[in-house]
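> So I've got this file, work.txt, and it contains compact mmCIF, C-alpha atoms and all ligand atoms:
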```txt
# COMPACT_ATOMS: atom_id res chain seq x y z
CA MET A 1 56.55 27.83 -25.55
CA GLN A 2 54.60 25.17 -23.68
CA PHE A 3 52.50 25.58 -20.54
CA LYS A 4 54.93 23.38 -18.65
CA GLN A 5 57.68 26.00 -19.11
CA ILE A 6 55.64 28.61 -17.25
CA ILE A 7 56.26 28.90 -13.53
CA GLY A 8 53.12 28.48 -11.43
CA GLN A 9 49.86 30.16 -12.57
CA GLU A 10 48.22 26.74 -12.66
CA GLU A 11 44.69 28.11 -12.30
CA ILE A 12 45.07 30.24 -15.41
CA LYS A 13 46.54 27.36 -17.42
CA LYS A 14 43.56 25.21 -16.47
CA ARG A 15 41.12 27.92 -17.36
CA LEU A 16 42.67 28.52 -20.79
CA ILE A 17 42.86 24.82 -21.62
CA GLN A 18 39.25 24.41 -20.56
CA SER A 19 38.06 27.26 -22.77
CA SER A 20 39.95 25.78 -25.70
CA LYS A 21 38.48 22.31 -25.20
CA SER A 22 34.98 23.62 -24.97
CA GLY A 23 35.53 25.68 -28.14
CA ARG A 24 34.68 28.92 -26.34
CA ILE A 25 37.70 30.96 -27.30
CA SER A 26 37.00 34.62 -26.90
CA HIS A 27 38.37 36.62 -29.83
CA ALA A 28 39.62 39.52 -27.70
CA GLN A 29 41.32 38.75 -24.43
CA LEU A 30 43.18 40.90 -21.97
CA PHE A 31 45.88 39.41 -19.74
CA ILE A 32 46.44 41.84 -16.88
CA GLY A 33 49.61 41.38 -14.88
CA ASN A 34 53.22 42.40 -14.38
CA GLU A 35 55.88 41.23 -16.77
CA GLY A 36 57.31 39.10 -13.98
CA SER A 37 54.00 37.26 -13.53
CA GLY A 38 54.36 35.58 -16.93
CA ASN A 39 51.43 37.00 -18.88
CA LEU A 40 53.41 37.17 -22.13
CA ALA A 41 54.75 33.63 -21.75
CA MET A 42 51.20 32.46 -21.04
CA ALA A 43 49.82 34.18 -24.14
CA ILE A 44 52.41 32.44 -26.32
CA ALA A 45 51.85 29.03 -24.72
CA TYR A 46 48.10 29.45 -25.10
CA ALA A 47 48.37 30.44 -28.78
CA GLN A 48 50.64 27.45 -29.38
CA TYR A 49 48.18 25.18 -27.58
CA ILE A 50 45.10 26.19 -29.55
CA ASN A 51 47.04 25.74 -32.79
CA CYS A 52 48.72 22.46 -31.85
CA LEU A 53 47.83 19.58 -34.14
CA GLN A 54 48.13 16.96 -31.39
CA PRO A 55 47.44 18.67 -28.08
CA THR A 56 47.35 16.57 -24.93
CA GLU A 57 45.07 17.11 -21.95
CA GLU A 58 47.53 19.53 -20.38
CA ASP A 59 49.76 20.98 -23.05
CA SER A 60 50.69 21.40 -26.68
CA CYS A 61 52.73 18.52 -28.11
CA GLY A 62 55.83 20.59 -28.86
CA LYS A 63 56.57 18.41 -31.88
CA CYS A 64 53.97 18.99 -34.59
CA ALA A 65 54.55 21.29 -37.58
CA SER A 66 52.65 24.10 -35.88
CA CYS A 67 54.45 23.73 -32.54
CA ILE A 68 57.86 23.70 -34.22
CA LYS A 69 57.16 27.07 -35.82
CA TYR A 70 55.70 28.38 -32.59
CA GLU A 71 58.77 27.32 -30.64
CA LYS A 72 60.79 29.65 -32.86
CA LEU A 73 58.08 32.32 -32.61
CA ALA A 74 58.07 32.20 -36.38
CA HIS A 75 54.61 30.92 -37.27
CA PRO A 76 53.20 32.90 -40.21
CA ASP A 77 49.85 33.22 -38.43
CA LEU A 78 51.35 34.61 -35.24
CA THR A 79 51.76 38.38 -35.09
CA PHE A 80 53.43 40.32 -32.31
CA SER A 81 52.90 43.95 -31.57
CA TYR A 82 54.93 45.91 -29.02
CA PRO A 83 56.02 49.45 -28.25
CA ILE A 84 58.81 50.79 -30.40
CA ILE A 85 60.39 54.12 -31.06
CA ASN A 86 60.91 55.70 -34.44
CA LYS A 87 64.59 55.15 -35.14
CA ASP A 88 64.64 58.05 -37.54
CA PHE A 89 62.27 59.81 -39.89
CA SER A 90 63.20 57.82 -42.97
CA ARG A 91 59.99 55.80 -42.76
CA LYS A 92 57.04 54.87 -40.55
CA TRP A 93 58.46 52.25 -38.24
CA VAL A 94 56.28 49.37 -37.03
CA SER A 95 56.86 46.38 -34.71
CA LYS A 96 57.57 44.12 -37.67
CA ASP A 97 60.77 46.07 -38.38
CA PHE A 98 62.16 44.88 -35.06
CA ILE A 99 60.93 41.29 -35.18
CA ALA A 100 64.41 39.72 -35.21
CA ASP A 101 65.34 41.57 -32.01
CA TRP A 102 61.98 40.71 -30.50
CA ARG A 103 62.27 36.97 -31.20
CA GLU A 104 65.76 36.91 -29.78
CA ALA A 105 64.66 38.81 -26.65
CA ILE A 106 61.63 36.58 -25.98
CA LEU A 107 63.44 33.34 -26.67
CA GLU A 108 66.02 34.47 -24.16
CA ASN A 109 63.49 35.67 -21.56
CA PRO A 110 59.75 35.21 -22.09
CA TYR A 111 59.26 37.35 -18.96
CA LEU A 112 60.97 40.24 -20.74
CA GLU A 113 60.89 43.60 -19.00
CA TYR A 114 60.04 46.83 -20.70
CA THR A 115 63.33 48.51 -19.82
CA ASP A 116 65.32 45.53 -21.09
CA TRP A 117 63.49 45.67 -24.38
CA PHE A 118 64.50 49.25 -24.96
CA LYS A 119 68.01 48.60 -23.75
CA ARG A 120 68.27 45.88 -26.35
CA LEU A 121 67.20 48.28 -29.09
CA GLU A 122 69.74 50.74 -27.74
CA PHE A 123 67.17 53.44 -27.37
CA GLU A 124 67.97 56.10 -24.83
CA ILE A 125 64.37 57.10 -24.29
CA LYS A 126 62.26 54.48 -22.58
CA GLN A 127 58.88 55.84 -23.51
CA GLY A 128 57.83 53.73 -26.48
CA ILE A 129 54.46 53.84 -28.07
CA ILE A 130 52.18 51.69 -30.18
CA THR A 131 51.46 53.96 -33.09
CA VAL A 132 48.56 54.47 -35.46
CA ASN A 133 50.73 52.94 -38.22
CA GLU A 134 51.08 49.90 -36.03
CA SER A 135 47.35 49.31 -35.65
CA ALA A 136 46.86 49.85 -39.36
CA GLU A 137 49.50 47.15 -39.84
CA ILE A 138 47.67 44.83 -37.45
CA LEU A 139 44.35 45.39 -39.16
CA ARG A 140 46.03 44.57 -42.47
CA SER A 141 47.42 41.36 -41.04
CA ILE A 142 43.95 40.40 -39.83
CA VAL A 143 42.53 40.84 -43.28
CA TYR A 144 45.15 38.54 -44.84
CA LYS A 145 43.95 34.99 -45.07
CA ARG A 146 45.25 32.55 -42.56
CA PHE A 147 48.14 30.65 -44.04
CA GLU A 148 47.84 27.33 -42.29
CA ALA A 149 46.91 27.68 -38.63
CA LYS A 150 43.63 26.90 -36.91
CA TYR A 151 43.75 30.34 -35.33
CA LYS A 152 45.46 33.50 -36.38
CA VAL A 153 46.80 35.09 -33.21
CA ILE A 154 47.90 38.64 -32.49
CA ILE A 155 49.71 39.22 -29.23
CA MET A 156 50.05 42.84 -28.19
CA TRP A 157 52.57 43.53 -25.43
CA HIS A 158 52.07 46.62 -23.23
CA ALA A 159 48.75 47.48 -24.81
CA GLU A 160 48.42 50.45 -22.43
CA MET A 161 51.00 52.12 -24.67
CA LEU A 162 48.48 52.20 -27.50
CA HIS A 163 48.13 55.65 -28.91
CA THR A 164 44.45 56.68 -28.51
CA ALA A 165 43.92 56.92 -32.25
CA ALA A 166 45.52 53.49 -32.62
CA ALA A 167 43.27 52.07 -29.93
CA ASN A 168 40.22 53.40 -31.71
CA LYS A 169 41.30 51.69 -34.89
CA LEU A 170 41.71 48.41 -33.08
CA LEU A 171 38.26 48.69 -31.62
CA LYS A 172 36.93 48.10 -35.09
CA PHE A 173 38.38 44.61 -35.05
CA ILE A 174 37.33 43.96 -31.48
CA GLU A 175 33.76 44.88 -32.34
CA GLU A 176 33.65 43.00 -35.63
CA PRO A 177 35.92 40.01 -35.20
CA ALA A 178 37.27 38.04 -38.13
CA ASP A 179 36.80 34.26 -38.23
CA ASN A 180 39.22 32.23 -36.15
CA THR A 181 41.25 35.27 -35.28
CA LEU A 182 42.22 36.05 -31.76
CA ILE A 183 43.88 39.09 -30.25
CA ILE A 184 45.51 38.89 -26.83
CA LEU A 185 46.27 42.23 -25.23
CA LEU A 186 48.79 42.30 -22.41
CA THR A 187 49.06 45.06 -19.88
CA ASP A 188 50.31 45.77 -16.40
CA SER A 189 47.97 48.70 -15.85
CA SER A 190 44.53 48.21 -17.29
CA GLU A 191 43.29 51.57 -16.01
CA GLU A 192 45.34 53.20 -18.76
CA LEU A 193 43.47 51.33 -21.47
CA LEU A 194 40.51 52.83 -23.28
CA ARG A 195 37.36 51.93 -21.38
CA THR A 196 35.72 50.78 -24.59
CA ILE A 197 38.53 48.27 -25.13
CA LEU A 198 38.35 47.12 -21.52
CA SER A 199 34.64 46.46 -21.67
CA ARG A 200 34.90 44.44 -24.86
CA THR A 201 37.65 42.06 -23.84
CA GLN A 202 37.60 38.96 -21.72
CA GLN A 203 39.91 39.72 -18.85
CA ILE A 204 42.26 37.43 -16.99
CA ARG A 205 44.16 38.77 -14.01
CA PHE A 206 47.62 37.42 -13.25
CA ASN A 207 48.63 37.35 -9.61
CA PRO A 208 52.30 37.30 -8.72
CA ILE A 209 53.80 33.81 -9.08
CA SER A 210 53.16 31.76 -5.94
CA GLN A 211 56.11 31.63 -3.56
CA GLU A 212 56.06 27.87 -3.66
CA ALA A 213 56.37 27.67 -7.45
CA LEU A 214 58.96 30.42 -7.68
CA SER A 215 61.07 29.03 -4.90
CA SER A 216 61.10 25.55 -6.42
CA PHE A 217 62.06 27.04 -9.81
CA ILE A 218 64.94 29.01 -8.26
CA ASN A 219 66.15 25.97 -6.38
CA GLN A 220 66.09 23.80 -9.51
CA HIS A 221 67.90 26.30 -11.70
CA TYR A 222 70.36 27.92 -9.35
CA LYS A 223 70.90 25.13 -6.81
CA LEU A 224 70.89 27.54 -3.88
CA GLY A 225 69.17 25.16 -1.49
CA GLU A 226 65.60 25.21 -0.27
CA GLU A 227 66.01 27.83 2.41
CA LYS A 228 67.82 30.39 0.28
CA SER A 229 65.46 29.81 -2.64
CA ALA A 230 62.44 30.32 -0.41
CA GLN A 231 63.96 33.55 0.89
CA ILE A 232 64.56 34.81 -2.65
CA ALA A 233 60.99 33.96 -3.62
CA ALA A 234 59.74 35.88 -0.58
CA PHE A 235 61.92 38.91 -1.36
CA SER A 236 60.90 39.11 -4.97
CA ASN A 237 57.15 39.27 -4.37
CA GLY A 238 56.35 36.66 -6.98
CA ASP A 239 58.19 38.53 -9.73
CA TYR A 240 60.23 36.22 -11.96
CA ASN A 241 62.74 38.85 -13.01
CA ALA A 242 63.38 40.10 -9.49
CA ALA A 243 63.89 36.51 -8.33
CA VAL A 244 66.34 35.75 -11.13
CA ARG A 245 68.35 38.88 -10.39
CA LEU A 246 68.58 37.96 -6.72
CA ALA A 247 69.47 34.36 -7.54
CA GLU A 248 72.20 35.49 -9.93
CA GLU A 249 73.67 37.59 -7.18
CA GLY A 250 73.70 34.44 -5.07
CA GLY A 251 70.73 35.68 -3.08
CA GLU A 252 72.47 38.68 -1.49
CA SER A 253 70.16 41.60 -1.97
CA ASP A 254 71.78 44.88 -2.92
CA TYR A 255 68.49 46.55 -2.05
CA PHE A 256 69.55 46.22 1.54
CA GLU A 257 72.81 48.15 1.03
CA LEU A 258 70.91 50.83 -0.89
CA TYR A 259 68.21 51.07 1.76
CA LYS A 260 70.59 51.06 4.71
CA ASN A 261 72.77 53.82 3.25
CA TRP A 262 69.80 55.89 2.25
CA MET A 263 68.11 55.70 5.65
CA ARG A 264 71.36 56.63 7.37
CA MET A 265 71.69 59.68 5.13
CA CYS A 266 68.09 60.74 5.73
CA PHE A 267 68.66 60.29 9.43
CA ALA A 268 71.76 62.50 9.30
CA GLY A 269 69.72 64.97 7.26
CA LYS A 270 72.63 66.17 5.09
CA LEU A 271 71.57 66.93 1.55
CA PRO A 272 74.74 66.42 -0.58
CA PRO A 273 75.13 62.67 0.09
CA ILE A 274 71.39 62.23 -0.42
CA ILE A 275 71.67 63.90 -3.83
CA ASP A 276 74.53 61.53 -4.76
CA TRP A 277 72.44 58.58 -3.65
CA ILE A 278 69.51 59.79 -5.78
CA GLU A 279 71.84 60.00 -8.80
CA ILE A 280 72.70 56.33 -8.30
CA ILE A 281 69.18 55.00 -7.94
CA SER A 282 67.96 57.15 -10.86
CA GLY A 283 70.87 56.13 -13.08
CA LYS A 284 70.67 54.24 -16.34
CA GLU A 285 71.93 50.97 -14.93
CA TYR A 286 68.74 50.64 -12.92
CA GLY A 287 65.41 50.42 -14.73
CA ARG A 288 61.85 51.15 -13.73
CA GLU A 289 61.24 47.59 -12.52
CA TYR A 290 64.32 47.70 -10.34
CA ARG A 291 63.17 50.94 -8.73
CA LYS A 292 59.67 49.53 -8.21
CA ASN A 293 61.08 46.41 -6.60
CA PHE A 294 63.35 48.51 -4.44
CA ILE A 295 60.40 50.52 -3.14
CA GLU A 296 58.56 47.28 -2.44
CA TYR A 297 61.60 46.14 -0.52
CA CYS A 298 61.56 49.41 1.52
CA LEU A 299 57.89 48.83 2.33
CA ARG A 300 58.67 45.35 3.51
CA LEU A 301 61.44 46.58 5.80
CA LEU A 302 59.12 49.26 7.18
CA ARG A 303 56.62 46.56 8.08
CA GLU A 304 59.38 44.45 9.61
CA SER A 305 60.46 47.46 11.69
CA ILE A 306 57.01 47.74 13.17
CA ILE A 307 56.82 44.03 13.84
CA SER A 308 60.17 44.16 15.61
CA ASN A 309 58.96 47.08 17.77
CA TYR A 310 55.54 45.85 18.68
CA ALA A 311 55.32 42.13 18.07
CA ASP A 312 57.18 38.91 18.43
CA ASP A 313 60.65 38.77 16.86
CA SER A 314 59.93 35.24 15.71
CA LEU A 315 57.62 36.74 13.08
CA LEU A 316 60.50 38.52 11.39
CA ARG A 317 61.77 37.35 8.02
CA LEU A 318 65.16 38.99 7.88
CA SER A 319 68.73 38.20 6.91
CA ALA A 320 71.48 38.58 9.51
CA GLY A 321 72.55 41.96 8.07
CA GLU A 322 68.98 43.27 8.08
CA THR A 323 68.41 42.13 11.67
CA GLN A 324 71.52 43.95 12.81
CA PHE A 325 70.51 47.15 11.06
CA LEU A 326 66.91 47.06 12.28
CA THR A 327 68.01 46.60 15.89
CA LYS A 328 69.22 50.19 15.77
CA PHE A 329 66.92 51.66 13.16
CA ALA A 330 63.50 50.17 13.99
CA PRO A 331 62.87 52.38 17.08
CA PHE A 332 62.72 55.39 14.77
CA ILE A 333 59.74 53.88 12.97
CA HIS A 334 56.73 54.06 15.26
CA THR A 335 53.00 54.63 15.48
CA ASN A 336 53.49 58.34 15.04
CA ASN A 337 55.09 58.16 11.60
CA VAL A 338 54.70 54.71 10.10
CA LEU A 339 51.40 55.28 8.33
CA GLN A 340 52.72 58.42 6.65
CA MET A 341 55.87 56.57 5.66
CA ILE A 342 53.88 53.74 4.12
CA ASP A 343 51.69 56.20 2.20
CA LEU A 344 54.76 57.99 0.90
CA PHE A 345 56.39 54.82 -0.39
CA ASN A 346 53.15 53.64 -1.94
CA ASP A 347 52.80 56.98 -3.73
CA ALA A 348 56.38 56.76 -4.94
CA HIS A 349 55.70 53.27 -6.28
CA TYR A 350 52.63 54.56 -8.10
CA HIS A 351 54.59 57.39 -9.73
CA ILE A 352 57.57 55.23 -10.71
CA GLU A 353 55.20 52.72 -12.28
CA ARG A 354 53.79 55.54 -14.40
CA ASN A 355 57.22 56.61 -15.54
CA ALA A 356 57.56 59.74 -13.39
CA ASN A 357 61.05 61.19 -13.24
CA PRO A 358 62.85 59.02 -10.64
CA LYS A 359 65.03 61.90 -9.46
CA LEU A 360 61.98 63.93 -8.50
CA VAL A 361 60.26 60.96 -6.89
CA PHE A 362 63.27 60.01 -4.76
CA PHE A 363 64.04 63.62 -3.89
CA HIS A 364 60.53 64.17 -2.58
CA LEU A 365 60.66 60.86 -0.76
CA SER A 366 64.04 61.66 0.83
CA THR A 367 63.02 65.08 2.15
CA ARG A 368 59.78 63.73 3.61
CA VAL A 369 61.47 60.69 5.16
CA THR A 370 64.17 62.96 6.65
CA LYS A 371 61.44 64.94 8.38
CA LEU A 372 59.40 61.92 9.47
CA LEU A 373 62.41 60.22 11.05
CA ARG A 374 62.63 63.24 13.37
CA THR A 375 59.03 62.81 14.52
CA LYS A 376 58.95 61.89 18.20
CA ASN A 377 57.33 58.69 19.28
CA VAL A 378 54.62 59.90 21.66
CA ASN A 379 54.32 56.50 23.26
CA LEU A 380 57.92 56.41 24.45
ZN ZN A 401 51.82 20.52 -31.41
```
Would you write out, as structure tokens, the structure that this file holds?

Amino acid sequence: MQFKQIIGQEEIKKRLIQSSKSGRISHAQLFIGNEGSGNLAMAIAYAQYINCLQPTEEDSCGKCASCIKYEKLAHPDLTFSYPIINKDFSRKWVSKDFIADWREAILENPYLEYTDWFKRLEFEIKQGIITVNESAEILRSIVYKRFEAKYKVIIMWHAEMLHTAAANKLLKFIEEPADNTLIILLTDSSEELLRTILSRTQQIRFNPISQEALSSFINQHYKLGEEKSAQIAAFSNGDYNAAVRLAEEGGESDYFELYKNWMRMCFAGKLPPIIDWIEIISGKEYGREYRKNFIEYCLRLLRESIISNYADDSLLRLSAGETQFLTKFAPFIHTNNVLQMIDLFNDAHYHIERNANPKLVFFHLSTRVTKLLRTKNVNL
């Protein structure tokens, strides 16, 4: 993976290249950001860069012996660690046991999502963990001599899934680093990491991909035209995976259909159809990221409703279908309920992110929204 394959995030690329050139490579780094921001892809490109035998000013060469192994994710001095689930009790499973699946998944999509990873392993349960066995395995791999690389690199995906005992074991390495060995921890929620780990790592925060970069990527790859691509980039909030899903659907968002139907049901206030709707959104075909993105979409439409009520319509960024729907629906969102609505959706987002049961989250949300839609607008 080379830097040039990563969409946007130019500031971070520059910063990493700079630290490598100046020889100040911190041995424990934490890349904080969503999967769709590209933190995993960046970690791989960075590891490839610092090990490249003929790096240029901006990137690894992609051709040297080290790069060739890195391109296949098969360098002997590159170790990956990621959440897994014990398949059975025949042995103590570690990441290494799933490396073939992992390589395949990352080569296919270096912005891999958590739910997709578990789908690929055909695990029903989506709550993986990084076990104590796993950190023992990592510590062992650190002790082994480097085979050939300049730097031995360990990339740990979803480090917040570290079992506490496992995290404590890892601290030992973080406190007493080995020569030319670097660990890059990746997480989307750093508050779930042990504070001791947090304080001992050099942190880099990944913002969502810039709309400009994402939109130009979508346009290049899906040939949807500048306008459509820009719209997709705006809808996906800088998340690569959300943008790709929208682009693959030709840019027609099914969030809108979901949202429209849901709001109509809440407005009617009849429970049975709402329960059916909740079954759909909580179903297996939709993952955590999808539900998060859907809630973000709802928040955006709430904001658009307020703009359409109180400000200039020219500020709206809506498709034709959305405009038509909001013409009728927006008056029910007003100063007397909008703040509560926004709080509710933000809370729901928070809980979904932390793997709360989606049925409970959407049930609570539906009953509250049903009530709030009945709140009178005092200003009318
Ligand atoms: Zn190279």
> Which residues are close to stretch 210-223 of chain A, i.e. within 12 Å by only C-alpha atoms, leaving aside same-chain residues fewer than 5 positions away? Reply as a PDB file with C-alpha atoms, in the frame of the given file.

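Here's the written file selection-v2.pdb:
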```
ATOM      1  CA  LYS A   4      54.930  23.380 -18.650  1.00  0.00           C
ATOM      2  CA  GLN A   5      57.680  26.000 -19.110  1.00  0.00           C
ATOM      3  CA  ILE A   6      55.640  28.610 -17.250  1.00  0.00           C
ATOM      4  CA  ILE A   7      56.260  28.900 -13.530  1.00  0.00           C
ATOM      5  CA  GLY A   8      53.120  28.480 -11.430  1.00  0.00           C
ATOM      6  CA  GLN A   9      49.860  30.160 -12.570  1.00  0.00           C
ATOM      7  CA  GLU A  10      48.220  26.740 -12.660  1.00  0.00           C
ATOM      8  CA  GLU A  11      44.690  28.110 -12.300  1.00  0.00           C
ATOM      9  CA  GLY A  36      57.310  39.100 -13.980  1.00  0.00           C
ATOM     10  CA  SER A  37      54.000  37.260 -13.530  1.00  0.00           C
ATOM     11  CA  GLY A  38      54.360  35.580 -16.930  1.00  0.00           C
ATOM     12  CA  LYS A 228      67.820  30.390   0.280  1.00  0.00           C
ATOM     13  CA  SER A 229      65.460  29.810  -2.640  1.00  0.00           C
ATOM     14  CA  ALA A 230      62.440  30.320  -0.410  1.00  0.00           C
ATOM     15  CA  GLN A 231      63.960  33.550   0.890  1.00  0.00           C
ATOM     16  CA  ILE A 232      64.560  34.810  -2.650  1.00  0.00           C
ATOM     17  CA  ALA A 233      60.990  33.960  -3.620  1.00  0.00           C
ATOM     18  CA  ALA A 234      59.740  35.880  -0.580  1.00  0.00           C
ATOM     19  CA  PHE A 235      61.920  38.910  -1.360  1.00  0.00           C
ATOM     20  CA  SER A 236      60.900  39.110  -4.970  1.00  0.00           C
ATOM     21  CA  ASN A 237      57.150  39.270  -4.370  1.00  0.00           C
ATOM     22  CA  GLY A 238      56.350  36.660  -6.980  1.00  0.00           C
ATOM     23  CA  ASP A 239      58.190  38.530  -9.730  1.00  0.00           C
ATOM     24  CA  TYR A 240      60.230  36.220 -11.960  1.00  0.00           C
ATOM     25  CA  ASN A 241      62.740  38.850 -13.010  1.00  0.00           C
ATOM     26  CA  ALA A 242      63.380  40.100  -9.490  1.00  0.00           C
ATOM     27  CA  ALA A 243      63.890  36.510  -8.330  1.00  0.00           C
ATOM     28  CA  VAL A 244      66.340  35.750 -11.130  1.00  0.00           C
ATOM     29  CA  ARG A 245      68.350  38.880 -10.390  1.00  0.00           C
ATOM     30  CA  LEU A 246      68.580  37.960  -6.720  1.00  0.00           C
ATOM     31  CA  ALA A 247      69.470  34.360  -7.540  1.00  0.00           C
ATOM     32  CA  GLU A 248      72.200  35.490  -9.930  1.00  0.00           C
ATOM     33  CA  GLU A 249      73.670  37.590  -7.180  1.00  0.00           C
ATOM     34  CA  GLY A 250      73.700  34.440  -5.070  1.00  0.00           C
ATOM     35  CA  GLY A 251      70.730  35.680  -3.080  1.00  0.00           C
TER      36      GLY A 251
END
```
> Nearest to A:Pro331: which of A:Leu258, A:Leu344, A:Ala268, A:Leu302 is it, counting all atoms listed in the file?
A:Leu302
> Counting only C-alpha atoms and all ligand atoms, which residues in chain A sit no more than 6 Å from ligand ZN 401 (chain A)? For each one, give the nearest pair of atoms and the distance in Å, sorted by chain then residue number, as a Markdown table.

```
| residue | atom | partner | partner_atom | distance |
| --- | --- | --- | --- | --- |
| A:Cys52 | CA | A:ZN401 | ZN | 3.7 |
| A:Leu53 | CA | A:ZN401 | ZN | 4.9 |
| A:Gln54 | CA | A:ZN401 | ZN | 5.1 |
| A:Pro55 | CA | A:ZN401 | ZN | 5.8 |
| A:Ser60 | CA | A:ZN401 | ZN | 4.9 |
| A:Cys61 | CA | A:ZN401 | ZN | 4.0 |
| A:Gly62 | CA | A:ZN401 | ZN | 4.8 |
| A:Lys63 | CA | A:ZN401 | ZN | 5.2 |
| A:Cys64 | CA | A:ZN401 | ZN | 4.1 |
| A:Ser66 | CA | A:ZN401 | ZN | 5.8 |
| A:Cys67 | CA | A:ZN401 | ZN | 4.3 |
```
> Calculate how many Å separate atom CA of A:Thr323 from atom CA of A:Ser305, rounding to one decimal.
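Taking atom CA of A:Thr323 as the start and atom CA of A:Ser305 as the end point, the length is 9.6 Å.
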> Would you mind listing, for every residue of stretch 146-264 of chain A within 12 Å of stretch 13-17 of chain A, the two atoms forming the shortest contact and the distance between them in Å to one decimal, using all atoms listed in the file, sorted by chain and ascending residue number, as JSON lines?

```
{"residue": "A:Gln202", "atom": "CA", "partner": "A:Leu16", "partner_atom": "CA", "distance": 11.6}
{"residue": "A:Gln203", "atom": "CA", "partner": "A:Leu16", "partner_atom": "CA", "distance": 11.7}
{"residue": "A:Ile204", "atom": "CA", "partner": "A:Arg15", "partner_atom": "CA", "distance": 9.6}
{"residue": "A:Arg205", "atom": "CA", "partner": "A:Arg15", "partner_atom": "CA", "distance": 11.8}
{"residue": "A:Phe206", "atom": "CA", "partner": "A:Lys13", "partner_atom": "CA", "distance": 10.9}
```
> Could you write out that same residue set with C-alpha atoms as an mmCIF file, in the frame of the given file?

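Writing done, so here's again.cif:
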```cif
data_model
loop_
_atom_site.group_PDB
_atom_site.id
_atom_site.type_symbol
_atom_site.label_atom_id
_atom_site.label_comp_id
_atom_site.auth_asym_id
_atom_site.auth_seq_id
_atom_site.Cartn_x
_atom_site.Cartn_y
_atom_site.Cartn_z
ATOM 1 C CA GLN A 202 37.600 38.960 -21.720
ATOM 2 C CA GLN A 203 39.910 39.720 -18.850
ATOM 3 C CA ILE A 204 42.260 37.430 -16.990
ATOM 4 C CA ARG A 205 44.160 38.770 -14.010
ATOM 5 C CA PHE A 206 47.620 37.420 -13.250
#
```
> Tell me which protein, DNA and RNA residues are within 7 Å of A:Asp59, counting all atoms listed in the file, leaving out same-chain ones fewer than 4 positions away, and put them as a PyMOL selection string.
chain A and resi 2-3+49+55
> To one decimal place, how far is atom CA of A:Gln340 from atom CA of A:Arg368 in Å?
9.3 Å
> Axis-aligned box over every listed atom of stretch 58-61 of chain A, padded by 6 Å per side: centre and edges in Å to one decimal, as lines of an AutoDock Vina configuration file?

```
center_x = 50.1
center_y = 20.0
center_z = -24.2
size_x = 17.2
size_y = 14.9
size_z = 19.7
```
> Could you jot down the atom CA of A:Lys92 to atom CA of A:Glu191 separation for me, Å, one decimal place?
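For atom CA of A:Lys92 relative to atom CA of A:Glu191, the distance reads 28.3 Å.
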> Excluding A:Ala159 and its own-chain neighbours fewer than 3 positions away, which residues fall within 6 Å of it when counting all atoms listed in the file? Please give them as a CSV table (one decimal) with C-alpha atoms, in the frame of the given file.

```csv
chain,number,residue,atom,x,y,z
A,156,MET,CA,50.0,42.8,-28.2
A,162,LEU,CA,48.5,52.2,-27.5
A,185,LEU,CA,46.3,42.2,-25.2
A,186,LEU,CA,48.8,42.3,-22.4
A,187,THR,CA,49.1,45.1,-19.9
```
> Excluding A:Ile129 and residues on its chain fewer than 2 positions from it, collect all residues at most 6 Å away from it, counting all atoms listed in the file, and give them as a PyMOL selection string.
chain A and resi 83-84+131+161
> Quick one: residues within 10 Å of A:Asn377, only C-alpha atoms, excluding same-chain residues fewer than 4 positions away - as a PDB file with C-alpha atoms, in the coordinates of the input?

```pdb
ATOM      1  CA  PRO A 331      62.870  52.380  17.080  1.00  0.00           C
ATOM      2  CA  PHE A 332      62.720  55.390  14.770  1.00  0.00           C
ATOM      3  CA  ILE A 333      59.740  53.880  12.970  1.00  0.00           C
ATOM      4  CA  HIS A 334      56.730  54.060  15.260  1.00  0.00           C
ATOM      5  CA  THR A 335      53.000  54.630  15.480  1.00  0.00           C
ATOM      6  CA  ASN A 336      53.490  58.340  15.040  1.00  0.00           C
ATOM      7  CA  ASN A 337      55.090  58.160  11.600  1.00  0.00           C
ATOM      8  CA  LEU A 373      62.410  60.220  11.050  1.00  0.00           C
TER       9      LEU A 373
END
```
> List every protein, DNA or RNA residue that has an atom no more than 12 Å from (41.8, 45.7, -26.5) in the file's coordinate frame, counting all atoms listed in the file, and report them as a PyMOL selection string.
chain A and resi 27-32+135+154-162+164+166-175+177+182-187+190+192-203
> Measuring atom to atom with all atoms listed in the file, identify which of A:Cys266, A:Ala74, A:Ile85, A:Ile12 is nearest to A:Tyr46.
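Selected residue with least distance to A:Tyr46: A:Ile12.
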